[in-house]
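*Asks:* What follows is my_file-v3.pdb; its format and atoms are PDB, C-alpha atoms, pLDDT in the B column.
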ATOM      1  CA  MET A   1       0.000   0.000   0.000  1.00 90.00           C
ATOM      2  CA  ALA A   2       1.320   3.444  -0.934  1.00 95.00           C
ATOM      3  CA  GLU A   3       0.149   6.968  -0.165  1.00 96.00           C
ATOM      4  CA  GLU A   4       1.356  10.137  -1.875  1.00 96.00           C
ATOM      5  CA  VAL A   5       0.330  13.775  -1.446  1.00 95.00           C
ATOM      6  CA  TYR A   6       0.388  16.062  -4.468  1.00 96.00           C
ATOM      7  CA  GLN A   7       0.053  19.848  -4.675  1.00 96.00           C
ATOM      8  CA  VAL A   8      -2.435  20.913  -7.350  1.00 96.00           C
ATOM      9  CA  THR A   9      -3.252  24.433  -8.534  1.00 96.00           C
ATOM     10  CA  GLY A  10      -6.497  25.750  -9.960  1.00 94.00           C
ATOM     11  CA  MET A  11      -8.997  23.914  -7.749  1.00 95.00           C
ATOM     12  CA  THR A  12     -11.549  26.250  -6.186  1.00 94.00           C
ATOM     13  CA  CYS A  13     -14.635  24.198  -5.303  1.00 95.00           C
ATOM     14  CA  GLY A  14     -16.212  20.812  -4.774  1.00 94.00           C
ATOM     15  CA  HIS A  15     -16.823  20.463  -8.498  1.00 94.00           C
ATOM     16  CA  CYS A  16     -13.068  20.793  -9.058  1.00 94.00           C
ATOM     17  CA  ALA A  17     -12.449  18.100  -6.464  1.00 96.00           C
ATOM     18  CA  GLN A  18     -14.900  15.764  -8.213  1.00 96.00           C
ATOM     19  CA  HIS A  19     -13.129  16.189 -11.562  1.00 96.00           C
ATOM     20  CA  VAL A  20      -9.697  15.490 -10.087  1.00 97.00           C
ATOM     21  CA  THR A  21     -10.970  12.531  -8.055  1.00 98.00           C
ATOM     22  CA  SER A  22     -12.701  11.033 -11.088  1.00 97.00           C
ATOM     23  CA  GLU A  23      -9.600  11.198 -13.293  1.00 97.00           C
ATOM     24  CA  VAL A  24      -7.091  10.018 -10.675  1.00 98.00           C
ATOM     25  CA  GLN A  25      -9.317   7.072  -9.696  1.00 98.00           C
ATOM     26  CA  LYS A  26      -9.010   5.777 -13.268  1.00 97.00           C
ATOM     27  CA  LEU A  27      -5.309   5.039 -12.737  1.00 97.00           C
ATOM     28  CA  PRO A  28      -4.574   1.323 -12.268  1.00 97.00           C
ATOM     29  CA  GLY A  29      -4.066   0.362  -8.626  1.00 97.00           C
ATOM     30  CA  VAL A  30      -5.619   3.484  -7.076  1.00 98.00           C
ATOM     31  CA  THR A  31      -7.624   2.565  -3.975  1.00 98.00           C
ATOM     32  CA  GLY A  32      -8.594   6.037  -2.742  1.00 98.00           C
ATOM     33  CA  VAL A  33      -8.376   9.751  -3.489  1.00 98.00           C
ATOM     34  CA  ASP A  34      -8.891  12.615  -1.017  1.00 97.00           C
ATOM     35  CA  VAL A  35      -8.944  16.207  -2.270  1.00 97.00           C
ATOM     36  CA  ASP A  36      -8.441  19.227   0.008  1.00 97.00           C
ATOM     37  CA  VAL A  37      -9.463  22.181  -2.160  1.00 96.00           C
ATOM     38  CA  GLU A  38      -8.501  24.790   0.462  1.00 95.00           C
ATOM     39  CA  GLN A  39      -4.942  23.477   0.739  1.00 96.00           C
ATOM     40  CA  GLY A  40      -4.704  22.447  -2.914  1.00 95.00           C
ATOM     41  CA  ARG A  41      -3.710  18.930  -1.914  1.00 96.00           C
ATOM     42  CA  VAL A  42      -4.611  15.601  -3.431  1.00 97.00           C
ATOM     43  CA  THR A  43      -3.830  12.479  -1.406  1.00 97.00           C
ATOM     44  CA  VAL A  44      -3.716   9.291  -3.462  1.00 97.00           C
ATOM     45  CA  ARG A  45      -3.707   5.815  -1.947  1.00 98.00           C
ATOM     46  CA  SER A  46      -2.730   2.918  -4.181  1.00 98.00           C
ATOM     47  CA  GLU A  47      -1.707  -0.716  -4.137  1.00 96.00           C
ATOM     48  CA  ALA A  48       1.821   0.257  -5.225  1.00 95.00           C
ATOM     49  CA  ALA A  49       3.661   3.506  -5.887  1.00 93.00           C
ATOM     50  CA  LEU A  50       2.346   5.375  -8.908  1.00 96.00           C
ATOM     51  CA  ARG A  51       4.447   7.118 -11.513  1.00 95.00           C
ATOM     52  CA  ALA A  52       4.291  10.890 -10.969  1.00 92.00           C
ATOM     53  CA  ALA A  53       3.893  11.336 -14.742  1.00 95.00           C
ATOM     54  CA  ASP A  54       0.698   9.248 -14.659  1.00 97.00           C
ATOM     55  CA  VAL A  55      -0.742  11.282 -11.793  1.00 96.00           C
ATOM     56  CA  ARG A  56       0.253  14.512 -13.570  1.00 96.00           C
ATOM     57  CA  ALA A  57      -1.509  13.356 -16.751  1.00 97.00           C
ATOM     58  CA  ALA A  58      -4.690  12.506 -14.831  1.00 97.00           C
ATOM     59  CA  VAL A  59      -4.707  15.872 -13.041  1.00 97.00           C
ATOM     60  CA  GLU A  60      -4.133  17.689 -16.337  1.00 96.00           C
ATOM     61  CA  GLU A  61      -6.926  15.682 -17.973  1.00 96.00           C
ATOM     62  CA  ALA A  62      -9.201  17.062 -15.240  1.00 96.00           C
ATOM     63  CA  GLY A  63      -8.080  20.581 -16.178  1.00 96.00           C
ATOM     64  CA  TYR A  64      -5.660  21.367 -13.338  1.00 96.00           C
ATOM     65  CA  GLU A  65      -1.924  21.486 -12.810  1.00 95.00           C
ATOM     66  CA  LEU A  66       0.206  19.243 -10.620  1.00 94.00           C
ATOM     67  CA  VAL A  67       2.789  21.452  -8.922  1.00 92.00           C
ATOM     68  CA  SER A  68       4.752  18.849  -6.996  1.00 62.00           C
ATOM     69  CA  SER A  69       4.553  15.487  -5.297  1.00 51.00           C
TER      70      SER A  69
END
Starting from the coordinates I provided, produce the structure as C-alpha cells.

*Replies:*
Amino acid sequence: MAEEVYQVTGMTCGHCAQHVTSEVQKLPGVTGVDVDVEQGRVTVRSEAALRAADVRAAVEEAGYELVSS
C-alpha cells in the first residue's frame, strides 16, 4: 500500500475536487483519493507507488496542474 500527497493548482470548489478525483481514480491500482481544495492537496492511496507522470496526466486531464509530489 502506498500513499502520496500532491500539490495541485487551480482547484476552487467541490466540483473541481470531483473532476480530479474522477480522473485520478481511473489510474490502475488506485484505492482512494482525497482532495483538500482549500490546501490544494490531493492524497492518493494505491496498491503500489504510482508514476508521478501518470498522476500529472490525470490531473491535467481534469483541467488542473500538478505542482509537486

*Asks:* At a cut-off of 9 Å, using all atoms listed in the file, what residues contact Tyr6 in chain A? Leave out same-chain residues fewer than 2 positions from it and give the result as JSON, numbers by chain.

*Replies:* {"A": [4, 8, 40, 41, 42, 43, 44, 55, 66, 67, 68, 69]}

*Asks:* Can you work out which one of A:Glu3, A:Glu65, A:Glu60, A:Glu47 has the shortest atom-to-atom distance to Pro28 in chain A, counting all atoms listed in the file?

*Replies:*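 Using all atoms listed in the file, Pro28 in chain A sits closest to A:Glu47.
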
*Asks:* For CA of Val35 in chain A and CA of Glu61 in chain A, determine how far apart the two atoms are, in Å to one decimal place.

*Replies:* 15.8 Å

*Asks:* In Å, with one decimal, what is the gap from CA of Ser46 in chain A to CA of Gly32 in chain A?

*Replies:*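 Between CA of Ser46 in chain A and CA of Gly32 in chain A the gap works out to 6.8 Å.
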
*Asks:* State, in Å with one decimal place, the distance from CA of Lys26 in chain A to CA of Gly10 in chain A.

*Replies:*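 Those two atoms sit 20.4 Å apart.
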
*Asks:* Using all atoms listed in the file, pick whichever of A:Val24, A:Leu50, A:Val30, A:Val37 has the shortest atom-to-atom distance to Met11 in chain A.

*Replies:*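 Distance minimum relative to Met11 in chain A lands on A:Val37.
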
*Asks:* Show me, as a list in words, the residues that have an atom within 8 Å of Val20 in chain A when counting only C-alpha atoms, minus same-chain residues fewer than 5 positions from it.

*Replies:*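 My list of contacting residues is Val35, Ala58, Val59, Ala62 and Tyr64 of chain A.
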
*Asks:* Just write the chosen residues, C-alpha atoms, as an mmCIF file, keeping the file's coordinate frame.

*Replies:*
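Just written: part_19.cif:
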data_model
loop_
_atom_site.group_PDB
_atom_site.id
_atom_site.type_symbol
_atom_site.label_atom_id
_atom_site.label_comp_id
_atom_site.auth_asym_id
_atom_site.auth_seq_id
_atom_site.Cartn_x
_atom_site.Cartn_y
_atom_site.Cartn_z
ATOM 1 C CA VAL A 35 -8.944 16.207 -2.270
ATOM 2 C CA ALA A 58 -4.690 12.506 -14.831
ATOM 3 C CA VAL A 59 -4.707 15.872 -13.041
ATOM 4 C CA ALA A 62 -9.201 17.062 -15.240
ATOM 5 C CA TYR A 64 -5.660 21.367 -13.338
#

*Asks:* For a quick check of understanding, using only C-alpha atoms, which of A:Glu38, A:Arg51, A:Arg45, A:Ala2 has the smallest distance to Thr21 in chain A?

*Replies:*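 The closest residue to Thr21 in chain A is A:Arg45.
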
*Asks:* Using all atoms listed in the file, can you tell me which of A:Asp54, A:Leu27, A:His19, A:Asp36 comes closest to Val5 in chain A?

*Replies:* A:Asp36
